[in-house]
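Below: start_19.txt (compact mmCIF, C-alpha atoms and all ligand atoms)
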# COMPACT_ATOMS: atom_id res chain seq x y z
CA MET A 1 -52.71 44.65 -80.28
CA ALA A 2 -51.85 42.33 -77.39
CA ALA A 3 -48.82 43.33 -75.32
CA ALA A 4 -45.62 41.54 -76.26
CA LEU A 5 -44.95 38.40 -74.25
CA LEU A 6 -41.92 38.35 -71.96
CA PRO A 7 -39.15 36.02 -73.24
CA VAL A 8 -38.31 33.16 -70.86
CA ASP A 9 -34.70 34.28 -70.38
CA ASP A 10 -35.80 37.81 -69.53
CA ALA A 11 -38.32 36.50 -67.01
CA LEU A 12 -35.64 34.34 -65.41
CA ALA A 13 -33.17 37.23 -65.28
CA LEU A 14 -35.82 39.42 -63.61
CA LEU A 15 -36.60 36.69 -61.12
CA LEU A 16 -32.96 36.15 -60.20
CA SER A 17 -31.99 39.82 -60.06
CA GLY A 18 -31.34 40.78 -56.47
CA ALA A 19 -31.39 37.16 -55.30
CA ALA A 20 -28.26 36.27 -53.35
CA PRO A 21 -27.17 33.40 -51.13
CA LEU A 22 -28.84 33.48 -47.72
CA GLY A 23 -26.76 33.90 -44.57
CA SER A 24 -24.85 31.11 -42.94
CA GLU A 25 -25.37 28.76 -40.03
CA ARG A 26 -23.10 26.34 -38.20
CA VAL A 27 -23.94 22.67 -38.40
CA GLY A 28 -22.34 19.59 -36.95
CA ILE A 29 -19.93 17.87 -39.31
CA ALA A 30 -22.13 14.77 -39.43
CA ASP A 31 -25.09 16.84 -40.64
CA SER A 32 -23.20 18.94 -43.17
CA GLY A 33 -23.17 16.52 -46.12
CA GLY A 34 -24.84 18.00 -49.20
CA ARG A 35 -24.74 21.53 -47.82
CA VAL A 36 -22.81 24.45 -49.32
CA LEU A 37 -19.79 25.89 -47.50
CA ALA A 38 -20.39 29.52 -46.53
CA SER A 39 -16.75 30.11 -45.63
CA PRO A 40 -13.51 28.43 -46.65
CA VAL A 41 -12.23 25.49 -44.62
CA GLN A 42 -8.68 25.72 -43.31
CA ALA A 43 -6.63 22.97 -41.75
CA LEU A 44 -6.76 23.20 -37.96
CA ARG A 45 -3.92 20.66 -37.75
CA THR A 46 -1.14 19.09 -39.76
CA GLN A 47 -1.69 15.68 -41.35
CA PRO A 48 0.10 13.44 -40.79
CA PRO A 49 1.23 15.19 -37.62
CA PHE A 50 4.46 13.15 -37.50
CA ASP A 51 6.57 11.09 -39.88
CA ALA A 52 4.42 7.98 -40.10
CA SER A 53 4.97 4.47 -41.34
CA ALA A 54 3.11 3.70 -44.56
CA MET A 55 3.48 -0.06 -44.10
CA ASP A 56 3.64 -2.88 -41.61
CA GLY A 57 7.34 -3.78 -41.21
CA TYR A 58 10.47 -2.64 -39.42
CA ALA A 59 11.78 0.84 -38.72
CA LEU A 60 15.54 0.87 -39.17
CA ARG A 61 18.59 2.77 -40.38
CA ALA A 62 19.08 2.24 -44.12
CA ARG A 63 22.88 2.28 -43.78
CA ASP A 64 22.71 -0.76 -41.42
CA VAL A 65 21.27 -2.93 -44.20
CA ALA A 66 23.12 -1.43 -47.18
CA ALA A 67 25.09 -4.69 -47.46
CA ALA A 68 22.04 -6.98 -46.96
CA PRO A 69 21.50 -9.70 -46.08
CA ALA A 70 21.96 -8.40 -42.53
CA THR A 71 20.44 -9.15 -39.13
CA LEU A 72 19.07 -6.55 -36.72
CA ASN A 73 18.07 -6.69 -33.10
CA VAL A 74 14.33 -5.93 -32.60
CA ILE A 75 14.18 -3.59 -29.60
CA GLY A 76 10.45 -2.87 -29.45
CA VAL A 77 7.08 -2.43 -31.11
CA ALA A 78 5.35 0.70 -32.47
CA PRO A 79 1.66 0.10 -33.19
CA ALA A 80 -0.51 2.97 -34.52
CA GLY A 81 -1.40 5.28 -31.66
CA LYS A 82 1.44 4.06 -29.39
CA PRO A 83 4.73 5.74 -30.30
CA PHE A 84 7.86 3.77 -29.45
CA PRO A 85 9.48 5.76 -26.62
CA GLY A 86 13.13 4.92 -27.35
CA SER A 87 15.55 5.49 -30.18
CA VAL A 88 16.79 3.13 -32.89
CA GLY A 89 20.57 2.71 -32.77
CA PRO A 90 23.09 0.90 -34.99
CA GLY A 91 22.10 -2.70 -35.68
CA GLN A 92 18.63 -2.17 -34.23
CA ALA A 93 15.06 -2.19 -35.59
CA VAL A 94 11.56 -1.55 -34.23
CA ARG A 95 8.59 -3.62 -35.30
CA ILE A 96 6.22 -0.96 -36.75
CA PHE A 97 2.67 -0.84 -38.10
CA THR A 98 0.93 1.43 -40.61
CA GLY A 99 0.15 4.84 -39.14
CA ALA A 100 2.62 4.60 -36.24
CA PRO A 101 5.16 7.38 -35.72
CA VAL A 102 8.61 6.40 -37.01
CA PRO A 103 10.86 6.19 -33.91
CA ASP A 104 13.79 8.51 -33.40
CA GLY A 105 16.96 7.24 -35.01
CA ALA A 106 15.16 5.26 -37.75
CA ASP A 107 15.17 6.72 -41.26
CA SER A 108 13.39 4.02 -43.29
CA VAL A 109 10.73 1.36 -43.03
CA LEU A 110 11.31 -2.09 -44.46
CA ILE A 111 8.15 -4.00 -45.42
CA GLN A 112 7.71 -7.20 -43.48
CA GLU A 113 7.49 -9.29 -46.67
CA ASN A 114 11.24 -8.68 -47.23
CA THR A 115 12.28 -10.03 -43.83
CA ARG A 116 12.65 -13.28 -41.98
CA ILE A 117 12.67 -13.83 -38.22
CA THR A 118 15.61 -15.96 -37.14
CA SER A 119 15.48 -18.67 -34.48
CA GLU A 120 17.16 -16.21 -32.09
CA GLY A 121 14.36 -13.71 -32.57
CA LEU A 122 16.44 -11.38 -34.71
CA VAL A 123 15.13 -9.95 -37.95
CA GLU A 124 17.02 -10.88 -41.07
CA VAL A 125 16.85 -8.29 -43.79
CA LEU A 126 17.07 -9.85 -47.23
CA GLU A 127 17.49 -6.75 -49.39
CA PRO A 128 18.79 -3.22 -48.87
CA VAL A 129 16.25 -0.49 -48.16
CA ARG A 130 16.00 2.82 -49.96
CA MET A 131 16.66 5.71 -47.58
CA GLY A 132 13.28 7.12 -46.44
CA ALA A 133 11.31 4.20 -47.85
CA ASN A 134 7.70 3.75 -46.71
CA ILE A 135 7.61 6.88 -44.58
CA ARG A 136 4.86 9.48 -44.97
CA ARG A 137 6.45 12.76 -44.04
CA ARG A 138 4.81 15.08 -41.53
CA GLY A 139 2.36 17.37 -43.40
CA LEU A 140 2.31 15.20 -46.53
CA ASP A 141 -1.48 15.66 -46.82
CA PHE A 142 -1.86 19.17 -45.41
CA ALA A 143 -0.32 21.55 -42.93
CA GLU A 144 -2.04 23.57 -40.23
CA GLY A 145 -3.39 26.85 -41.61
CA GLU A 146 -3.54 25.73 -45.22
CA ALA A 147 -6.72 26.47 -47.23
CA LEU A 148 -8.41 23.16 -47.98
CA LEU A 149 -11.89 23.92 -49.36
CA PRO A 150 -13.30 27.14 -50.84
CA ALA A 151 -16.59 28.80 -49.89
CA GLY A 152 -19.30 27.65 -52.27
CA ARG A 153 -18.07 24.07 -52.39
CA VAL A 154 -20.87 21.54 -52.05
CA ILE A 155 -19.92 19.24 -49.21
CA ASP A 156 -19.64 15.86 -50.87
CA ALA A 157 -18.17 12.74 -49.31
CA THR A 158 -14.58 13.71 -50.06
CA ALA A 159 -14.91 17.28 -48.79
CA LEU A 160 -16.68 16.02 -45.68
CA ALA A 161 -13.94 13.54 -44.85
CA LEU A 162 -11.23 16.15 -45.48
CA ALA A 163 -12.93 18.71 -43.21
CA ALA A 164 -13.25 16.07 -40.50
CA ALA A 165 -9.56 15.09 -40.90
CA ALA A 166 -8.68 18.76 -40.53
CA ASN A 167 -10.42 18.60 -37.13
CA HIS A 168 -13.61 20.56 -37.81
CA ALA A 169 -16.47 19.41 -35.58
CA GLU A 170 -18.77 22.00 -37.16
CA LEU A 171 -18.91 23.78 -40.50
CA ASP A 172 -20.21 27.14 -41.62
CA VAL A 173 -22.81 26.44 -44.33
CA VAL A 174 -25.27 28.52 -46.35
CA ARG A 175 -28.73 28.49 -44.82
CA ARG A 176 -31.14 26.41 -46.88
CA PRO A 177 -34.08 28.47 -48.17
CA LEU A 178 -37.43 27.51 -46.71
CA VAL A 179 -39.98 27.20 -49.49
CA ALA A 180 -43.63 27.18 -48.41
CA VAL A 181 -45.98 25.73 -50.99
CA LEU A 182 -49.72 26.41 -51.17
CA ALA A 183 -52.33 24.81 -53.42
CA THR A 184 -55.44 26.87 -54.11
CA GLY A 185 -58.75 25.81 -55.55
CA ASP A 186 -62.27 24.89 -54.35
CA GLU A 187 -62.08 21.70 -56.39
CA LEU A 188 -58.96 20.31 -54.77
CA LEU A 189 -58.63 17.44 -52.30
CA ALA A 190 -55.60 15.82 -50.70
CA PRO A 191 -54.45 12.48 -52.10
CA GLY A 192 -56.32 9.63 -50.43
CA SER A 193 -59.60 11.56 -50.23
CA VAL A 194 -63.05 10.36 -51.24
CA VAL A 195 -63.57 12.40 -54.40
CA GLY A 196 -66.98 13.98 -54.89
CA ASP A 197 -68.65 15.65 -57.86
CA GLY A 198 -66.48 18.20 -59.61
CA GLN A 199 -63.47 17.51 -57.43
CA ILE A 200 -59.93 16.45 -58.29
CA ILE A 201 -56.83 15.64 -56.33
CA ALA A 202 -54.30 18.38 -55.67
CA SER A 203 -51.07 17.09 -57.17
CA ASN A 204 -48.94 20.07 -58.10
CA THR A 205 -47.48 21.02 -54.77
CA PHE A 206 -45.97 17.60 -54.18
CA GLY A 207 -43.92 17.79 -57.34
CA VAL A 208 -43.14 21.48 -56.88
CA ALA A 209 -41.87 20.91 -53.33
CA LEU A 210 -39.68 18.02 -54.44
CA ILE A 211 -38.13 20.12 -57.19
CA ALA A 212 -37.40 22.81 -54.59
CA ARG A 213 -35.82 20.31 -52.21
CA GLN A 214 -33.69 18.85 -54.97
CA ALA A 215 -32.43 22.36 -55.68
CA GLY A 216 -31.37 22.76 -52.05
CA ALA A 217 -34.45 23.98 -50.19
CA ARG A 218 -36.36 22.85 -47.14
CA THR A 219 -40.08 22.87 -47.81
CA LEU A 220 -43.29 23.39 -45.89
CA ASP A 221 -46.59 22.17 -47.30
CA LEU A 222 -49.24 24.78 -46.53
CA GLY A 223 -51.94 22.42 -47.74
CA ILE A 224 -54.93 23.43 -49.85
CA ALA A 225 -56.73 26.74 -49.52
CA PRO A 226 -60.17 27.00 -51.10
CA ASP A 227 -60.83 29.98 -53.36
CA ASP A 228 -61.53 32.17 -50.36
CA ARG A 229 -59.67 35.31 -49.32
CA ASP A 230 -59.53 34.49 -45.64
CA ALA A 231 -58.28 30.96 -46.21
CA ILE A 232 -55.57 32.11 -48.62
CA SER A 233 -54.67 34.95 -46.28
CA ALA A 234 -54.33 32.60 -43.30
CA ALA A 235 -52.05 30.29 -45.28
CA ILE A 236 -49.84 33.19 -46.37
CA ASP A 237 -49.67 34.43 -42.76
CA ARG A 238 -48.50 31.01 -41.70
CA ALA A 239 -45.77 31.05 -44.34
CA LEU A 240 -44.63 34.47 -43.07
CA ASP A 241 -44.74 33.30 -39.46
CA VAL A 242 -42.51 30.30 -40.06
CA GLY A 243 -40.00 32.46 -41.90
CA ALA A 244 -40.47 31.14 -45.43
CA ASP A 245 -37.88 32.58 -47.81
CA ILE A 246 -39.97 31.75 -50.86
CA ILE A 247 -43.75 31.40 -50.92
CA VAL A 248 -45.00 29.39 -53.87
CA THR A 249 -48.68 29.30 -54.74
CA SER A 250 -50.27 27.15 -57.37
CA GLY A 251 -53.47 28.05 -59.16
CA GLY A 252 -55.77 30.99 -58.73
CA ALA A 253 -53.37 33.41 -60.33
CA SER A 254 -54.68 34.19 -63.78
CA VAL A 255 -57.42 36.68 -64.48
CA GLY A 256 -60.49 34.56 -63.78
CA ASP A 257 -63.13 35.58 -61.25
CA HIS A 258 -61.81 33.15 -58.70
CA ASP A 259 -58.22 34.21 -58.98
CA LEU A 260 -57.72 35.68 -55.59
CA VAL A 261 -54.13 34.95 -54.76
CA ARG A 262 -52.81 38.15 -56.22
CA ASP A 263 -55.47 40.26 -54.47
CA VAL A 264 -54.68 38.71 -51.13
CA LEU A 265 -50.94 39.18 -51.53
CA ALA A 266 -51.42 42.76 -52.71
CA SER A 267 -53.67 43.51 -49.72
CA LYS A 268 -50.82 42.43 -47.45
CA GLY A 269 -48.45 44.86 -49.12
CA GLY A 270 -46.95 42.47 -51.65
CA ASP A 271 -45.11 43.98 -54.58
CA LEU A 272 -46.17 41.76 -57.46
CA ASP A 273 -45.71 41.50 -61.16
CA PHE A 274 -47.97 39.46 -63.31
CA TRP A 275 -45.92 38.17 -66.18
CA LYS A 276 -47.21 36.90 -69.46
CA ILE A 277 -44.29 34.80 -70.51
CA ALA A 278 -43.64 33.67 -74.05
CA MET A 279 -43.70 30.09 -72.89
CA ARG A 280 -45.80 26.99 -73.31
CA PRO A 281 -46.88 25.58 -70.93
CA GLY A 282 -46.92 28.25 -68.28
CA LYS A 283 -47.71 31.60 -69.83
CA PRO A 284 -49.00 33.30 -66.66
CA LEU A 285 -46.54 33.58 -63.80
CA MET A 286 -46.79 35.82 -60.80
CA ALA A 287 -43.56 37.01 -59.24
CA GLY A 288 -42.66 39.51 -56.59
CA THR A 289 -41.94 40.04 -52.93
CA LEU A 290 -43.92 40.30 -49.72
CA ALA A 291 -42.30 41.39 -46.46
CA GLY A 292 -38.88 40.59 -47.86
CA ARG A 293 -39.86 37.10 -48.99
CA ARG A 294 -39.93 35.95 -52.58
CA ILE A 295 -43.31 35.10 -54.10
CA ILE A 296 -43.83 32.85 -57.09
CA GLY A 297 -47.39 32.24 -58.27
CA LEU A 298 -47.43 29.17 -60.48
CA PRO A 299 -50.19 28.36 -62.94
CA GLY A 300 -52.64 25.74 -61.69
CA ASN A 301 -52.35 23.41 -64.64
CA PRO A 302 -50.20 20.56 -63.39
CA VAL A 303 -47.70 20.39 -66.23
CA ALA A 304 -47.35 24.16 -66.31
CA SER A 305 -46.71 24.26 -62.57
CA LEU A 306 -43.98 21.64 -62.79
CA VAL A 307 -42.32 22.99 -65.93
CA CYS A 308 -42.29 26.49 -64.42
CA SER A 309 -40.77 25.01 -61.28
CA HIS A 310 -37.97 23.48 -63.32
CA VAL A 311 -37.39 26.65 -65.32
CA PHE A 312 -37.88 29.34 -62.65
CA LEU A 313 -38.18 27.99 -59.11
CA LYS A 314 -35.17 25.70 -59.30
CA PRO A 315 -32.65 28.40 -60.31
CA LEU A 316 -34.07 30.78 -57.70
CA VAL A 317 -33.78 28.20 -54.92
CA ALA A 318 -30.28 27.30 -56.07
CA LYS A 319 -29.20 30.94 -56.00
CA LEU A 320 -30.51 31.52 -52.47
CA ALA A 321 -28.90 28.23 -51.43
CA GLY A 322 -25.51 29.36 -52.75
CA ARG A 323 -25.40 26.73 -55.46
CA THR A 324 -24.46 27.11 -59.06
CA HIS A 325 -27.43 25.97 -61.05
CA SER A 326 -27.13 24.77 -64.56
CA ALA A 327 -30.01 23.01 -66.22
CA ASP A 328 -29.05 19.75 -67.91
CA ILE A 329 -29.37 20.94 -71.51
CA ARG A 330 -28.28 18.58 -74.29
CA THR A 331 -28.54 18.30 -78.01
CA GLY A 332 -30.59 15.48 -79.48
CA VAL A 333 -32.46 14.73 -82.64
CA PHE A 334 -36.18 14.61 -83.29
CA GLY A 335 -37.70 11.14 -83.42
CA GLY A 336 -40.66 12.44 -85.44
CA PRO A 337 -41.77 15.54 -87.29
CA VAL A 338 -43.00 18.62 -85.43
CA ALA A 339 -44.95 21.60 -86.71
CA ALA A 340 -43.61 25.15 -86.83
CA ASN A 341 -43.76 26.99 -83.51
CA ASP A 342 -45.64 30.21 -82.71
CA GLN A 343 -44.38 33.13 -80.60
CA ARG A 344 -44.12 31.13 -77.37
CA GLN A 345 -41.04 29.13 -76.39
CA ASP A 346 -42.26 25.57 -76.22
CA TYR A 347 -41.29 22.95 -73.67
CA MET A 348 -42.57 19.77 -75.31
CA ARG A 349 -42.75 16.56 -73.32
CA ALA A 350 -40.75 13.97 -75.21
CA ARG A 351 -39.84 10.35 -74.74
CA VAL A 352 -36.13 9.85 -75.19
CA VAL A 353 -34.06 6.88 -76.24
CA GLU A 354 -30.37 6.58 -77.04
CA ALA A 355 -29.55 5.30 -80.49
CA ASP A 356 -26.17 5.39 -82.28
CA GLY A 357 -24.78 7.65 -79.56
CA GLN A 358 -27.55 10.19 -80.06
CA ILE A 359 -30.49 11.13 -77.90
CA VAL A 360 -33.61 10.65 -79.96
CA ALA A 361 -36.52 12.70 -78.61
CA THR A 362 -40.06 12.02 -79.70
CA PRO A 363 -42.56 14.62 -78.48
CA SER A 364 -45.95 13.34 -77.31
CA ALA A 365 -48.65 13.92 -79.90
CA VAL A 366 -50.85 15.72 -77.39
CA GLN A 367 -49.22 18.40 -75.24
CA ASP A 368 -52.17 19.54 -73.12
CA SER A 369 -50.87 21.15 -69.94
CA SER A 370 -53.14 19.11 -67.71
CA MET A 371 -51.57 15.79 -68.69
CA LEU A 372 -49.19 14.64 -65.99
CA ARG A 373 -48.72 11.15 -67.32
CA THR A 374 -46.98 12.31 -70.48
CA LEU A 375 -44.74 14.48 -68.28
CA ALA A 376 -43.82 11.53 -66.07
CA ASP A 377 -43.11 9.50 -69.21
CA ALA A 378 -40.97 12.26 -70.69
CA GLY A 379 -37.22 11.91 -70.28
CA ALA A 380 -36.77 15.45 -71.54
CA LEU A 381 -38.52 18.60 -72.59
CA VAL A 382 -37.73 19.67 -76.15
CA ILE A 383 -37.12 23.40 -76.03
CA ARG A 384 -38.41 25.03 -79.18
CA GLU A 385 -37.54 28.65 -79.74
CA PRO A 386 -40.28 31.08 -80.64
CA PHE A 387 -41.08 30.83 -84.36
CA ALA A 388 -38.90 27.74 -84.84
CA PRO A 389 -39.71 26.32 -88.29
CA ALA A 390 -41.20 22.86 -88.73
CA ALA A 391 -38.70 20.09 -88.06
CA ARG A 392 -38.30 16.62 -89.54
CA THR A 393 -37.20 13.34 -88.07
CA GLY A 394 -33.45 13.48 -87.44
CA ASP A 395 -33.26 17.28 -87.21
CA PRO A 396 -31.31 18.51 -84.17
CA CYS A 397 -33.20 19.68 -81.10
CA ARG A 398 -32.34 21.20 -77.71
CA LEU A 399 -33.35 19.15 -74.71
CA LEU A 400 -33.92 20.01 -71.08
CA MET A 401 -33.24 16.64 -69.53
CA LEU A 402 -35.63 15.65 -66.78
CA ARG A 403 -34.06 12.34 -65.78
P1 LIG B 501 -56.29 27.70 -61.97
O1 LIG B 501 -54.92 28.25 -62.25
O2 LIG B 501 -56.64 27.81 -60.51
O3 LIG B 501 -57.31 28.32 -62.85
O4 LIG B 501 -56.24 26.17 -62.29
C1 LIG B 501 -56.02 25.71 -63.61
C2 LIG B 501 -56.26 24.22 -63.68
O5 LIG B 501 -55.34 23.55 -62.86
C3 LIG B 501 -57.63 23.78 -63.18
O6 LIG B 501 -58.05 22.69 -63.96
C4 LIG B 501 -57.37 23.32 -61.77
O7 LIG B 501 -58.31 22.36 -61.34
C5 LIG B 501 -55.99 22.72 -61.91
N1 LIG B 501 -55.25 22.79 -60.66
C6 LIG B 501 -55.08 23.89 -59.91
N2 LIG B 501 -54.32 23.62 -58.85
C7 LIG B 501 -54.03 22.31 -58.91
C8 LIG B 501 -53.29 21.42 -58.09
N3 LIG B 501 -52.67 21.84 -56.97
N4 LIG B 501 -53.17 20.13 -58.47
C9 LIG B 501 -53.77 19.72 -59.61
N5 LIG B 501 -54.47 20.49 -60.42
C10 LIG B 501 -54.62 21.78 -60.08
MG MG B 502 -58.20 27.54 -59.38
Go ahead and render the structure in this file as structure tokens.
Amino acid sequence: MAAALLPVDDALALLLSGAAPLGSERVGIADSGGRVLASPVQALRTQPPFDASAMDGYALRARDVAAAPATLNVIGVAPAGKPFPGSVGPGQAVRIFTGAPVPDGADSVLIQENTRITSEGLVEVLEPVRMGANIRRRGLDFAEGEALLPAGRVIDATALALAAAANHAELDVVRRPLVAVLATGDELLAPGSVVGDGQIIASNTFGVALIARQAGARTLDLGIAPDDRDAISAAIDRALDVGADIIVTSGGASVGDHDLVRDVLASKGGDLDFWKIAMRPGKPLMAGTLAGRRIIGLPGNPVASLVCSHVFLKPLVAKLAGRTHSADIRTGVFGGPVAANDQRQDYMRARVVEADGQIVATPSAVQDSSMLRTLADAGALVIREPFAPAARTGDPCRLLMLR
């Protein structure tokens, strides 16, 4: 009897076991957007660093205008960045602008809309002012030493601006994994080539690398190696030389005569497992390590290589990159009938539309793992558990959203 196939979840757990976020590096604040904080960010300063005006108007003493209307003598101007050097005394006001320090002696800011300048150049206050009005107190936003952002936070626009406001010129971020991607096969040519007899264009690695980048990796395209030990070996050496954290190969990894990738990796001391996963597409998957780097050997069939990248490579990259990965899984309904499933977990390409607040998923009639167009047309993969019974139109289904 054939050996039992490895369930997808078990394969993923094996792949992720022992994977941990890579070390950290310091990057300039301007380059840190989208990265993951490796250490918490603390405030290096207090913001605002002084009691600041929140409005354009007049800094004054509230008690002087308690019986408004009242007139005050304007003794100076306080624009942002140029504190007024003197002090506001009884019957006095300072013209003030948003962001300027509130001068000594003043306790409130009156908005300019509630004033009138008299012919003598005095300011007439039309209404009383609430004590402390329109003043942002020192430290309103944050105080020096306070924790602002936790480690693990993805640096989005708001986190970036906050870290900058807290006076960080550089941030400590998790190193992005370098994923080196190699296509193998005598039949393969780069896009744009003149295609001869028996040849096809190598497509997988472009999609695989993009999936890795979207999960937080940097990528290196190792190009195409023919089915030749020396060529594959040279490409792997290059990946090791440049410090790849994950080496991804596509093709040449099943049990055919020309499947040399595993041999080459093993000859270099690689510790490799060859998994038969209960999954369609993508039953064969090679996984292991070589010289401390992670190896993933994807099947050559284009759809299998991309689906396996979504299911396995993405979470691995995310883990090394310090990100929390969660696939976008939703519940929808079938848009057409599907047959009962066998022992392999199926990832069926399906077109999706929204109707009556539901996602209606209609699997393509033909699910051959070479067909990229149906994958590009698919808004989701319908995940069918092993041995799922036949389903009818309108029955619920689990979707791995692709777009
Ligand atoms: P293999 O795993 O090498 O036996 O390849 C399985 C199938 O996938 C064959 O039809 C190959 O021509 C095809 N294939 C392998 N690698 C690629 C690639 N990088 N791009 C497109 N098709 C590929
Ligand atoms: Mg091949």
Around ligand MG 502 (chain B), which protein and nucleic acid residues have at least one atom no more than 8 Å from it, if we count all atoms listed in the file? List them as number ranges by chain. A: 184-187, 227, 251-253, 258-259, 300
Which of these, A:Ile155, A:Leu60, A:Ala38, A:Ala225, has the shortest distance to Leu189 of chain A once you count all atoms listed in the file? A:Ala225
Grab the atom CA of Pro281 of chain A to atom CA of Ser369 of chain A distance for me, in Å with one decimal place.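 Computed distance, atom CA of Pro281 of chain A to atom CA of Ser369 of chain A, equals 6.0 Å.
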Between atom CA of Glu385 of chain A and atom CA of Pro299 of chain A, what is the distance in Å, rounded to a tenth?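 Atom CA of Pro299 of chain A lies 21.0 Å from atom CA of Glu385 of chain A.
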Excluding Val352 of chain A and any residue of its chain fewer than 2 positions from it, enumerate the residues within 6 Å of it, using all atoms listed in the file, and give them as a compact mmCIF listing (two decimals) with C-alpha atoms, keeping the file's coordinate frame.
# COMPACT_ATOMS: atom_id res chain seq x y z
CA VAL A 360 -33.61 10.65 -79.96
CA ALA A 361 -36.52 12.70 -78.61
CA GLY A 379 -37.22 11.91 -70.28
Of the candidates A:Leu400, A:Ala212, A:Met279, A:Ala43, which shows the shortest atom-to-atom distance to Ala11 of chain A, using only C-alpha atoms?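 Distance minimum relative to Ala11 of chain A lands on A:Met279.
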Need the shell around Pro101 of chain A: protein/DNA/RNA residues with any atom at most 6 Å away, counting all atoms listed in the file. Skip same-chain ones fewer than 4 positions apart. Format as a ChimeraX atom specification? /A:51-52,83
Mind giving me the straight-line distance from atom CA of Arg175 of chain A to atom CA of Gly297 of chain A in Å, one decimal?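 The value is 23.3 Å.
If you measure from each of A:Ser87, A:Ile75, A:Phe142, A:Val125 to Pro49 of chain A using all atoms listed in the file, the closest one turns out to be A:Phe142.
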I'd like to know which of A:Val77, A:Ala217, A:Val248, A:Met401 is closest to ligand LIG 501 (chain B), using all atoms listed in the file.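 Comparing A:Val77, A:Ala217, A:Val248, A:Met401 against ligand LIG 501 (chain B), the winner is A:Val248.
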Residue with the minimum atom-to-atom distance to ligand LIG 501 (chain B), picked from A:Ala30, A:Leu148, A:Val88, A:Leu372 with only C-alpha atoms and all ligand atoms counted, is A:Leu372
Name all residues at most 7 Å from Val8 of chain A (count all atoms listed in the file; drop same-chain ones fewer than 2 positions away) and give them as a ChimeraX atom specification. /A:6,10-12,277-279
Considering all atoms listed in the file, can you say which of A:Val338, A:Val129, A:Leu298, A:Ala20 comes closest to ligand LIG 501 (chain B)?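 Smallest distance to ligand LIG 501 (chain B) is found for A:Leu298.
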Skip Gln47 of chain A itself and residues of its chain fewer than 5 positions away, then list as an NGL selection string all residues within 8 Å of it, counting all atoms listed in the file. :A and (138-144 or 165-166)
Contacts of Val74 of chain A at 6 Å (only C-alpha atoms; same-chain gap of 3+ positions) as a PyMOL selection string: chain A and resi 92-94
Let's have the selection written as a short mmCIF file (atom, residue, chain, number, x, y, z; two decimals), in the frame of the given file, with C-alpha atoms.
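As a result, selection.cif now contains:
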data_model
loop_
_atom_site.label_atom_id
_atom_site.label_comp_id
_atom_site.auth_asym_id
_atom_site.auth_seq_id
_atom_site.Cartn_x
_atom_site.Cartn_y
_atom_site.Cartn_z
CA GLN A 92 18.63 -2.17 -34.23
CA ALA A 93 15.06 -2.19 -35.59
CA VAL A 94 11.56 -1.55 -34.23
#
Enclose the full set of atoms of ligand LIG 501 (chain B) listed in the file within a box whose edges lie along x, y and z, apply 6 Å of padding to each of the six sides, and report centre and edge lengths in Å to one decimal as lines of an AutoDock Vina configuration file.
center_x = -55.5
center_y = 24.0
center_z = -60.5
size_x = 17.6
size_y = 20.6
size_z = 19.0
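All protein, DNA and RNA residues at most 8 Å from (-32.6, 30.8, -55.2) are A:Leu16, A:Ala19, A:Ala20, A:Pro21, A:Pro177, A:Leu313, A:Lys314, A:Pro315, A:Leu316, A:Val317, A:Ala318, A:Lys319, A:Leu320, A:Ala321, A:Gly322, using only C-alpha atoms.
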